Every structure is written in structure tokens, then in C-alpha cells.
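Participant: I am attaching a structure below and will ask some questions about it afterwards.
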Number of protein chains: 2
Amino acid sequence: MLRAGWLPLVPEVNPDTIARHQGLIANPNCAAIIIAVPLRPPHRRNRIQRIIAATYQAAPAPEAAMQELRAWTAAYLSGQDYPPRVMAHPYAFNLFSHDTRVDPLTGYNDEETKVMQEIRKIMRDPEIRIGVICIRVPVLRAHSIALRVTFDGPITPAELRDVLATALGVRVVDDVAANHVPIPREAAGQDEVLVGRIRTDVSDPSGCSIAMFVAGDQLLKGAALNAVQIAEILVSRG
Amino acid sequence: MLRAGWLPLVPEVNPDTIARHQGLIANPNCAAIIIAVPLRPPHRRNRIQRIIAATYQAAPAPEAAMQELRAWTAAYLSGQDYPPRVMAHPYAFNLFSHDTRVDPLTGYNDEETKVMQEIRKIMRDPEIRIGVICIRVPVLRAHSIALRVTFDGPITPAELRDVLATALGVRVVDDVAANHVPIPREAAGQDEVLVGRIRTDVSDPSGCSIAMFVAGDQLLKGAALNAVQIAEILVSRG
């Protein structure tokens, strides 16, 4: 959980706030970072009202979890059982809801609640309405996220691509003819969040909603790189 | 593509239509079936206006594709390259957008277009607004789908659970305390679509939207079983 008084920030999104902030700065949740980095630039031009996200999250960060995914899969392929140590569910060729505690009142788990709260803090807009589902998939590295975003006014995919073309920390990968769009294997090891499948959300006739698919390295931009970037700003203001 | 005059139908949803229909009946797309089976019963009581879906689709049905996922993963685990034969992208511990052709005008691929069209046909309601993204995950069997559904009027998770408790072809698996919700490994081999993570969509303040997560066997209910059930109705009317 985010401690009171700590502010989760992302250098591409909040450079000025980091440079001025006198309190404690936290490294945000990795899924929240990967959602906020590509959405903050368009939000400055055409306010975002609503974000709907479904995550495809890679194995948890500890090496033990990634090792368990590999070991479980190897055991499965050779027809053997694997005794789970780190994960709550069989992980070989399987997926499952994030295993943090589910709030019995809201039905949202702690990971989802954290992602929703932190996106509003990073985006500096407490009014954004957000609904997230967090799912673990048997991927070794990089989180992917399916997004539907509703803006205050109409927006075309071309307009969004124009904004993202110059956005910090973002790379548009959206070659429709070649079907080359963000995939976690290509996001792994990259500093940038990959953004593609950018298209009008046909379920919203107002023309204010865009669907997209993003992928980002949860260990790099989602954690270590972001912390280093925060530290660099703090040192430079020293 | 759906041929003109063919009607995609699902026995749990359309038993009367199947029994009366004089034209050709098609087995619908497997993802469309898995979405329509749990949504048709609540739709009869509180009309569905909008469906937003993000799929987590298992390996394609041909045994060659499942074999390729296994072989690719085994090669990866032993540090070797794998020459792709069936799939367009590396499949070991990776995921990717469905590899059907993307329409350059709409940005939707053929699988997504088919799912959206067939859900409206199965649900017998051309007015439902639907936005789908179809993603392949490295799962051997059973499709999972994150859904957000907006009804004509307010609905609570408890009301939806009540409707689903008696719905044909559906099993509610939603033990919040144990975090036991639908997972593909448990849906594989089952006739029923598993439904869980049923909660109010907090991004819609009207109280008319519900979020949920479903999993169904794409080879069984999504294909062979559905065809057998259609045949049984056709034979019994004979």
C-alpha cells in the first residue's frame, strides 16, 4: 500500500513535481507506470474522463517467481507434477487473477486498488474514473495492458498517434499491414513503453474513446529505471 | 467470415430459434460463444447496452499449434531457437495480438470483427455496442475473457449472481476469500463457462456496469460440444 504522504511519481510525467517536491517520493506500481506514461501527454490536451484496463502481467519480479514459472513449465512438459513454492496457482500454460487479497466489499484486489489510486496521483487528476482487472499470464518479462480511454471531446487515432509521436518514454509500434504491434518479448529490456492497436473504440458512438494495447518492461521502466530517473532529478536539483 | 444466410447459434441461448430455424445454422466463433452464454440470461431481464471485452485466448485449435507452443517453450527452456511453422510470433512465454488481418480503416482484426458481429447475432440484438480486443496468450486450453458490461438500468453483483445461478451452461466460481475465480486450467474439459470476479465497474458511477472474468473450453463448449448440442435439437425436431 502507498504510505500516507508518499507521492508516486514518474519522471516523464512529473519532472517539475519531482524537482520541486519537498516530501517523500515513491516509485509507483509497475502497471500504473506503464499505463500513465502513454496517457499523460494526451490527457494534457484532451482531458481523460475514464480509463478501462485489463492487464496481462508477467511473472512477479523476484527471480524465484520467474524461476518457478520456468521450472513449473519444464515439469509440465515432461509430464511431472511441480510442488508450488512462490505462486498460488499452477503457472505452466495457465493464467489467473492477481493473488493479492480481494476486498469483499468492492470485489477489487489490492493490486487493482493500488493501480487505480496511483494512476490518479501520477496523472495529477483525482477525477479520472478508472476500472482495472489485473491478471497474471505465463510471460517471463514485460507487462501488457489492453486499454480503453474516454476523453472529454472527440479524438481520432491519428490525433492520438501525433501526440504520442513526441511523448517522452513512449514508442508507437503500430504497423497494421505487418500486424506488428506491441508484444512483451519486444518490450523486455526497453526503456520505452510500446503503444499500438490504436483505434476508435467502436462501442462508444461519441467518438471520444480510443482503444489501444501497450507493453512495457515491468522491471526496467516499471521499477529500477524509474527509480534511477527520479534520483537523477533529485541529485540535479541538489 | 460468416456466410450470408448462416445464423450462428448457441443451444443454451437460442434453443427455440434452433428448433424453428429453416435456414443453415453455423457454429459461432469460440470467443463469441464464451461471452454470449453468460450474458444472454441477464440481457433478458436488464437489456445490455455495451460490452467491452479483452480476450486471453489459448493456442489455436489445430493440434499443430498446441504442439508448437509446447515445442517452442521446450526449446526456449533449453536455450535453443525454434523455427516457427504455424504461429506468426515467438510463442514461448510471450503473447501477441490475434494474427488475423487488421482492417486498415477500422483498426480491428478479422477475429475481433467476427466476435462483435456474432455476439449481436447470438444475443438476437443488433443494437448492443461491442468493443473487443483479441490477444493470444501461451495457454494450452480454454479461453479467458475480461468483460465490462453496461446494462439499461442499475444492477448489483448480487443480482447478477442470482441470474447466473440458474443460467444454463454457466457456473459461478467466485470465492473472494479463497481468491478462487475462473482460471483456464479449471475450465478445460468442462461443458460450462466459468464466471467470477463479478463486481461493480467502479469506472461507471451510474451503477449500471458490472465487471467480470470468464473462462471456457474453446474446443468443447466453444466448438465441438456446441455443434453436438445444435445437432441434438435438430434431430429431436426431425
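Going by the C-alpha cells order, chains are called A, B, ..., each with residues numbered from 1, while ligands are numbered from 1 in the order shown.
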So that I can see what lies close to stretch 81-90 of chain A, please list as a VMD selection string the residues with an atom at most 8 Å from it, counting only C-alpha atoms and leaving out residues fewer than 3 positions away in the same chain.

Facilitator: chain A and resid 64 to 65 68 71 to 72 75 to 76 94 96 99

Participant: What are the residues of chain A lining chain B at 6 Å or less? Count only C-alpha atoms, and put the answer as a count of residues only.

Facilitator: 14

Participant: Might you pull out every residue within 12 Å of stretch 118-120 of chain B, with only C-alpha atoms counted and same-chain residues fewer than 2 positions away left off, and present them as a PDB file with N, CA, C and O atoms, in the first residue's frame?

Facilitator:
ATOM      1  N   MET B   1     -15.027 -15.848 -42.171  1.00  0.00           N
ATOM      2  CA  MET B   1     -16.163 -14.921 -42.195  1.00  0.00           C
ATOM      3  C   MET B   1     -17.478 -15.700 -42.181  1.00  0.00           C
ATOM      4  O   MET B   1     -17.587 -16.795 -42.709  1.00  0.00           O
ATOM      5  N   LEU B   2     -18.442 -15.071 -41.586  1.00  0.00           N
ATOM      6  CA  LEU B   2     -19.769 -15.662 -41.520  1.00  0.00           C
ATOM      7  C   LEU B   2     -20.418 -15.564 -42.907  1.00  0.00           C
ATOM      8  O   LEU B   2     -20.496 -14.486 -43.487  1.00  0.00           O
ATOM      9  N   ARG B   3     -20.893 -16.707 -43.436  1.00  0.00           N
ATOM     10  CA  ARG B   3     -21.527 -16.639 -44.757  1.00  0.00           C
ATOM     11  C   ARG B   3     -22.940 -16.074 -44.649  1.00  0.00           C
ATOM     12  O   ARG B   3     -23.634 -16.312 -43.673  1.00  0.00           O
ATOM     13  N   TRP B   6     -26.258 -17.724 -43.047  1.00  0.00           N
ATOM     14  CA  TRP B   6     -25.945 -18.633 -41.956  1.00  0.00           C
ATOM     15  C   TRP B   6     -26.195 -17.906 -40.652  1.00  0.00           C
ATOM     16  O   TRP B   6     -25.866 -16.739 -40.487  1.00  0.00           O
ATOM     17  N   LEU B   7     -26.750 -18.609 -39.683  1.00  0.00           N
ATOM     18  CA  LEU B   7     -27.044 -17.994 -38.409  1.00  0.00           C
ATOM     19  C   LEU B   7     -26.222 -18.704 -37.332  1.00  0.00           C
ATOM     20  O   LEU B   7     -26.378 -19.913 -37.119  1.00  0.00           O
ATOM     21  N   PRO B   8     -25.328 -17.967 -36.656  1.00  0.00           N
ATOM     22  CA  PRO B   8     -24.543 -18.606 -35.585  1.00  0.00           C
ATOM     23  C   PRO B   8     -25.412 -18.701 -34.336  1.00  0.00           C
ATOM     24  O   PRO B   8     -25.946 -17.696 -33.875  1.00  0.00           O
ATOM     25  N   LEU B   9     -25.549 -19.884 -33.775  1.00  0.00           N
ATOM     26  CA  LEU B   9     -26.467 -20.063 -32.643  1.00  0.00           C
ATOM     27  C   LEU B   9     -25.830 -20.921 -31.547  1.00  0.00           C
ATOM     28  O   LEU B   9     -24.929 -21.716 -31.801  1.00  0.00           O
ATOM     29  N   VAL B  10     -26.354 -20.732 -30.340  1.00  0.00           N
ATOM     30  CA  VAL B  10     -25.858 -21.446 -29.166  1.00  0.00           C
ATOM     31  C   VAL B  10     -27.069 -22.054 -28.453  1.00  0.00           C
ATOM     32  O   VAL B  10     -27.994 -21.335 -28.107  1.00  0.00           O
ATOM     33  N   VAL B  13     -28.591 -20.495 -25.429  1.00  0.00           N
ATOM     34  CA  VAL B  13     -29.101 -19.152 -25.659  1.00  0.00           C
ATOM     35  C   VAL B  13     -30.298 -19.167 -26.608  1.00  0.00           C
ATOM     36  O   VAL B  13     -31.269 -18.440 -26.413  1.00  0.00           O
ATOM     37  N   ALA B  26     -24.928 -22.085 -38.132  1.00  0.00           N
ATOM     38  CA  ALA B  26     -23.468 -22.164 -38.025  1.00  0.00           C
ATOM     39  C   ALA B  26     -23.051 -22.287 -36.567  1.00  0.00           C
ATOM     40  O   ALA B  26     -23.747 -21.808 -35.672  1.00  0.00           O
ATOM     41  N   ASN B  27     -21.924 -22.917 -36.344  1.00  0.00           N
ATOM     42  CA  ASN B  27     -21.318 -22.921 -35.022  1.00  0.00           C
ATOM     43  C   ASN B  27     -20.572 -21.580 -34.891  1.00  0.00           C
ATOM     44  O   ASN B  27     -19.746 -21.245 -35.733  1.00  0.00           O
ATOM     45  N   PRO B  28     -20.888 -20.792 -33.873  1.00  0.00           N
ATOM     46  CA  PRO B  28     -20.262 -19.468 -33.802  1.00  0.00           C
ATOM     47  C   PRO B  28     -18.779 -19.538 -33.431  1.00  0.00           C
ATOM     48  O   PRO B  28     -18.281 -20.573 -33.001  1.00  0.00           O
ATOM     49  N   ASN B  29     -18.120 -18.389 -33.566  1.00  0.00           N
ATOM     50  CA  ASN B  29     -16.754 -18.208 -33.090  1.00  0.00           C
ATOM     51  C   ASN B  29     -16.669 -18.584 -31.606  1.00  0.00           C
ATOM     52  O   ASN B  29     -17.570 -18.273 -30.825  1.00  0.00           O
ATOM     53  N   CYS B  30     -15.574 -19.234 -31.203  1.00  0.00           N
ATOM     54  CA  CYS B  30     -15.482 -19.773 -29.847  1.00  0.00           C
ATOM     55  C   CYS B  30     -15.482 -18.670 -28.781  1.00  0.00           C
ATOM     56  O   CYS B  30     -16.086 -18.827 -27.715  1.00  0.00           O
ATOM     57  N   ALA B  31     -14.835 -17.542 -29.047  1.00  0.00           N
ATOM     58  CA  ALA B  31     -14.840 -16.456 -28.059  1.00  0.00           C
ATOM     59  C   ALA B  31     -16.236 -15.841 -27.954  1.00  0.00           C
ATOM     60  O   ALA B  31     -16.690 -15.485 -26.856  1.00  0.00           O
ATOM     61  N   ALA B  32     -16.937 -15.757 -29.086  1.00  0.00           N
ATOM     62  CA  ALA B  32     -18.297 -15.204 -29.072  1.00  0.00           C
ATOM     63  C   ALA B  32     -19.223 -16.080 -28.232  1.00  0.00           C
ATOM     64  O   ALA B  32     -20.051 -15.579 -27.466  1.00  0.00           O
ATOM     65  N   ILE B  33     -19.085 -17.405 -28.346  1.00  0.00           N
ATOM     66  CA  ILE B  33     -19.910 -18.315 -27.539  1.00  0.00           C
ATOM     67  C   ILE B  33     -19.649 -18.082 -26.054  1.00  0.00           C
ATOM     68  O   ILE B  33     -20.578 -17.969 -25.247  1.00  0.00           O
ATOM     69  N   ILE B  34     -18.358 -18.012 -25.692  1.00  0.00           N
ATOM     70  CA  ILE B  34     -17.991 -17.930 -24.270  1.00  0.00           C
ATOM     71  C   ILE B  34     -18.447 -16.602 -23.664  1.00  0.00           C
ATOM     72  O   ILE B  34     -18.721 -16.517 -22.464  1.00  0.00           O
ATOM     73  N   ILE B  35     -18.574 -15.573 -24.482  1.00  0.00           N
ATOM     74  CA  ILE B  35     -19.113 -14.294 -23.991  1.00  0.00           C
ATOM     75  C   ILE B  35     -20.644 -14.347 -23.931  1.00  0.00           C
ATOM     76  O   ILE B  35     -21.264 -13.884 -22.968  1.00  0.00           O
ATOM     77  N   ALA B  36     -21.270 -14.922 -24.945  1.00  0.00           N
ATOM     78  CA  ALA B  36     -22.736 -14.850 -25.049  1.00  0.00           C
ATOM     79  C   ALA B  36     -23.446 -15.737 -24.028  1.00  0.00           C
ATOM     80  O   ALA B  36     -24.506 -15.368 -23.516  1.00  0.00           O
ATOM     81  N   VAL B  37     -22.866 -16.913 -23.735  1.00  0.00           N
ATOM     82  CA  VAL B  37     -23.571 -17.847 -22.839  1.00  0.00           C
ATOM     83  C   VAL B  37     -23.865 -17.206 -21.481  1.00  0.00           C
ATOM     84  O   VAL B  37     -25.006 -17.269 -21.001  1.00  0.00           O
ATOM     85  N   PRO B  38     -22.888 -16.558 -20.805  1.00  0.00           N
ATOM     86  CA  PRO B  38     -23.224 -15.952 -19.511  1.00  0.00           C
ATOM     87  C   PRO B  38     -23.945 -14.602 -19.615  1.00  0.00           C
ATOM     88  O   PRO B  38     -24.532 -14.160 -18.633  1.00  0.00           O
ATOM     89  N   LEU B  39     -23.931 -13.948 -20.771  1.00  0.00           N
ATOM     90  CA  LEU B  39     -24.553 -12.620 -20.847  1.00  0.00           C
ATOM     91  C   LEU B  39     -26.002 -12.661 -21.320  1.00  0.00           C
ATOM     92  O   LEU B  39     -26.767 -11.724 -21.051  1.00  0.00           O
ATOM     93  N   ARG B  40     -26.402 -13.715 -22.010  1.00  0.00           N
ATOM     94  CA  ARG B  40     -27.770 -13.733 -22.524  1.00  0.00           C
ATOM     95  C   ARG B  40     -28.820 -13.762 -21.409  1.00  0.00           C
ATOM     96  O   ARG B  40     -29.808 -13.023 -21.489  1.00  0.00           O
ATOM     97  N   HIS B  43     -29.275 -10.338 -19.937  1.00  0.00           N
ATOM     98  CA  HIS B  43     -29.756  -9.452 -21.008  1.00  0.00           C
ATOM     99  C   HIS B  43     -31.274  -9.537 -21.151  1.00  0.00           C
ATOM    100  O   HIS B  43     -31.933  -8.556 -21.521  1.00  0.00           O
ATOM    101  N   ILE B  48     -28.678  -5.269 -22.145  1.00  0.00           N
ATOM    102  CA  ILE B  48     -27.268  -4.876 -22.222  1.00  0.00           C
ATOM    103  C   ILE B  48     -27.114  -3.836 -23.321  1.00  0.00           C
ATOM    104  O   ILE B  48     -27.526  -4.046 -24.463  1.00  0.00           O
ATOM    105  N   GLN B  49     -26.510  -2.705 -22.949  1.00  0.00           N
ATOM    106  CA  GLN B  49     -26.241  -1.627 -23.916  1.00  0.00           C
ATOM    107  C   GLN B  49     -24.869  -1.778 -24.555  1.00  0.00           C
ATOM    108  O   GLN B  49     -24.673  -1.466 -25.721  1.00  0.00           O
ATOM    109  N   ARG B  50     -23.893  -2.189 -23.713  1.00  0.00           N
ATOM    110  CA  ARG B  50     -22.500  -2.136 -24.180  1.00  0.00           C
ATOM    111  C   ARG B  50     -21.689  -3.255 -23.539  1.00  0.00           C
ATOM    112  O   ARG B  50     -21.844  -3.533 -22.343  1.00  0.00           O
ATOM    113  N   ILE B  51     -20.843  -3.880 -24.342  1.00  0.00           N
ATOM    114  CA  ILE B  51     -19.928  -4.921 -23.866  1.00  0.00           C
ATOM    115  C   ILE B  51     -18.508  -4.515 -24.262  1.00  0.00           C
ATOM    116  O   ILE B  51     -18.255  -4.220 -25.430  1.00  0.00           O
ATOM    117  N   ILE B  52     -17.606  -4.505 -23.289  1.00  0.00           N
ATOM    118  CA  ILE B  52     -16.190  -4.296 -23.569  1.00  0.00           C
ATOM    119  C   ILE B  52     -15.467  -5.569 -23.158  1.00  0.00           C
ATOM    120  O   ILE B  52     -15.643  -6.052 -22.037  1.00  0.00           O
ATOM    121  N   ALA B  53     -14.684  -6.135 -24.085  1.00  0.00           N
ATOM    122  CA  ALA B  53     -14.039  -7.419 -23.822  1.00  0.00           C
ATOM    123  C   ALA B  53     -12.575  -7.384 -24.218  1.00  0.00           C
ATOM    124  O   ALA B  53     -12.214  -6.838 -25.258  1.00  0.00           O
ATOM    125  N   ASP B 110      -9.814  -9.404 -38.125  1.00  0.00           N
ATOM    126  CA  ASP B 110     -10.964 -10.211 -38.550  1.00  0.00           C
ATOM    127  C   ASP B 110     -11.584 -10.995 -37.389  1.00  0.00           C
ATOM    128  O   ASP B 110     -12.795 -11.190 -37.343  1.00  0.00           O
ATOM    129  N   GLU B 111     -10.741 -11.467 -36.467  1.00  0.00           N
ATOM    130  CA  GLU B 111     -11.267 -12.198 -35.310  1.00  0.00           C
ATOM    131  C   GLU B 111     -12.152 -11.281 -34.464  1.00  0.00           C
ATOM    132  O   GLU B 111     -13.254 -11.666 -34.061  1.00  0.00           O
ATOM    133  N   GLU B 112     -11.668 -10.062 -34.211  1.00  0.00           N
ATOM    134  CA  GLU B 112     -12.451  -9.128 -33.396  1.00  0.00           C
ATOM    135  C   GLU B 112     -13.778  -8.769 -34.072  1.00  0.00           C
ATOM    136  O   GLU B 112     -14.839  -8.727 -33.430  1.00  0.00           O
ATOM    137  N   THR B 113     -13.710  -8.532 -35.390  1.00  0.00           N
ATOM    138  CA  THR B 113     -14.923  -8.184 -36.126  1.00  0.00           C
ATOM    139  C   THR B 113     -15.940  -9.322 -36.071  1.00  0.00           C
ATOM    140  O   THR B 113     -17.136  -9.114 -35.857  1.00  0.00           O
ATOM    141  N   LYS B 114     -15.434 -10.543 -36.223  1.00  0.00           N
ATOM    142  CA  LYS B 114     -16.318 -11.707 -36.174  1.00  0.00           C
ATOM    143  C   LYS B 114     -16.947 -11.857 -34.786  1.00  0.00           C
ATOM    144  O   LYS B 114     -18.157 -12.095 -34.656  1.00  0.00           O
ATOM    145  N   VAL B 115     -16.149 -11.714 -33.739  1.00  0.00           N
ATOM    146  CA  VAL B 115     -16.679 -11.836 -32.374  1.00  0.00           C
ATOM    147  C   VAL B 115     -17.778 -10.800 -32.150  1.00  0.00           C
ATOM    148  O   VAL B 115     -18.864 -11.120 -31.636  1.00  0.00           O
ATOM    149  N   MET B 116     -17.532  -9.554 -32.560  1.00  0.00           N
ATOM    150  CA  MET B 116     -18.512  -8.486 -32.321  1.00  0.00           C
ATOM    151  C   MET B 116     -19.801  -8.745 -33.100  1.00  0.00           C
ATOM    152  O   MET B 116     -20.900  -8.607 -32.565  1.00  0.00           O
ATOM    153  N   ILE B 122     -26.027 -13.911 -31.888  1.00  0.00           N
ATOM    154  CA  ILE B 122     -26.407 -14.913 -30.880  1.00  0.00           C
ATOM    155  C   ILE B 122     -27.369 -14.293 -29.864  1.00  0.00           C
ATOM    156  O   ILE B 122     -28.347 -14.910 -29.465  1.00  0.00           O
ATOM    157  N   MET B 123     -27.074 -13.058 -29.460  1.00  0.00           N
ATOM    158  CA  MET B 123     -27.912 -12.401 -28.450  1.00  0.00           C
ATOM    159  C   MET B 123     -29.208 -11.876 -29.068  1.00  0.00           C
ATOM    160  O   MET B 123     -30.077 -11.407 -28.335  1.00  0.00           O
ATOM    161  N   ARG B 124     -29.337 -11.952 -30.381  1.00  0.00           N
ATOM    162  CA  ARG B 124     -30.544 -11.501 -31.101  1.00  0.00           C
ATOM    163  C   ARG B 124     -30.817 -10.034 -30.815  1.00  0.00           C
ATOM    164  O   ARG B 124     -31.973  -9.645 -30.572  1.00  0.00           O
ATOM    165  N   ASP B 125     -29.765  -9.209 -30.806  1.00  0.00           N
ATOM    166  CA  ASP B 125     -29.946  -7.784 -30.530  1.00  0.00           C
ATOM    167  C   ASP B 125     -28.893  -6.991 -31.295  1.00  0.00           C
ATOM    168  O   ASP B 125     -27.747  -6.871 -30.860  1.00  0.00           O
ATOM    169  N   PRO B 126     -29.285  -6.439 -32.467  1.00  0.00           N
ATOM    170  CA  PRO B 126     -28.297  -5.724 -33.290  1.00  0.00           C
ATOM    171  C   PRO B 126     -27.866  -4.389 -32.693  1.00  0.00           C
ATOM    172  O   PRO B 126     -26.958  -3.749 -33.222  1.00  0.00           O
ATOM    173  N   GLU B 127     -28.516  -3.973 -31.599  1.00  0.00           N
ATOM    174  CA  GLU B 127     -28.225  -2.652 -31.029  1.00  0.00           C
ATOM    175  C   GLU B 127     -27.103  -2.677 -29.994  1.00  0.00           C
ATOM    176  O   GLU B 127     -26.650  -1.616 -29.565  1.00  0.00           O
ATOM    177  N   ILE B 128     -26.706  -3.868 -29.533  1.00  0.00           N
ATOM    178  CA  ILE B 128     -25.658  -3.917 -28.492  1.00  0.00           C
ATOM    179  C   ILE B 128     -24.362  -3.350 -29.068  1.00  0.00           C
ATOM    180  O   ILE B 128     -23.924  -3.738 -30.143  1.00  0.00           O
ATOM    181  N   ARG B 129     -23.766  -2.413 -28.331  1.00  0.00           N
ATOM    182  CA  ARG B 129     -22.475  -1.849 -28.744  1.00  0.00           C
ATOM    183  C   ARG B 129     -21.365  -2.696 -28.130  1.00  0.00           C
ATOM    184  O   ARG B 129     -21.390  -2.965 -26.930  1.00  0.00           O
ATOM    185  N   ILE B 130     -20.410  -3.101 -28.960  1.00  0.00           N
ATOM    186  CA  ILE B 130     -19.374  -4.033 -28.506  1.00  0.00           C
ATOM    187  C   ILE B 130     -17.998  -3.574 -28.979  1.00  0.00           C
ATOM    188  O   ILE B 130     -17.837  -3.214 -30.145  1.00  0.00           O
ATOM    189  N   GLY B 131     -17.034  -3.576 -28.066  1.00  0.00           N
ATOM    190  CA  GLY B 131     -15.636  -3.332 -28.415  1.00  0.00           C
ATOM    191  C   GLY B 131     -14.794  -4.470 -27.869  1.00  0.00           C
ATOM    192  O   GLY B 131     -14.835  -4.753 -26.671  1.00  0.00           O
ATOM    193  N   VAL B 132     -14.049  -5.127 -28.751  1.00  0.00           N
ATOM    194  CA  VAL B 132     -13.280  -6.316 -28.353  1.00  0.00           C
ATOM    195  C   VAL B 132     -11.832  -6.167 -28.788  1.00  0.00           C
ATOM    196  O   VAL B 132     -11.555  -5.645 -29.880  1.00  0.00           O
TER     197      VAL B 132
END

Participant: Would you list the contacts of A:Leu194 as a list in words, taking every protein, DNA or RNA residue within 6 Å and counting only C-alpha atoms, but skipping same-chain residues closer than 2 positions in sequence?

Facilitator: Arg171, Val172, Pro182, Val214 and Ala215 of chain A

Participant: Can you tell me how far atom CA of A:Thr150 sits from atom CA of B:Ala158, in Å to one decimal?

Facilitator: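 Value for the atom CA of A:Thr150-atom CA of B:Ala158 distance: 27.9 Å.
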
Participant: Enumerate as a PyMOL selection string all residues of stretch 52-201 of chain B assigned to alpha helix (DSSP H) by DSSP on the backbone, naming them with the chain letters and numbers the document uses.

Facilitator: chain B and resi 63-77+110-122+157-165+184-187
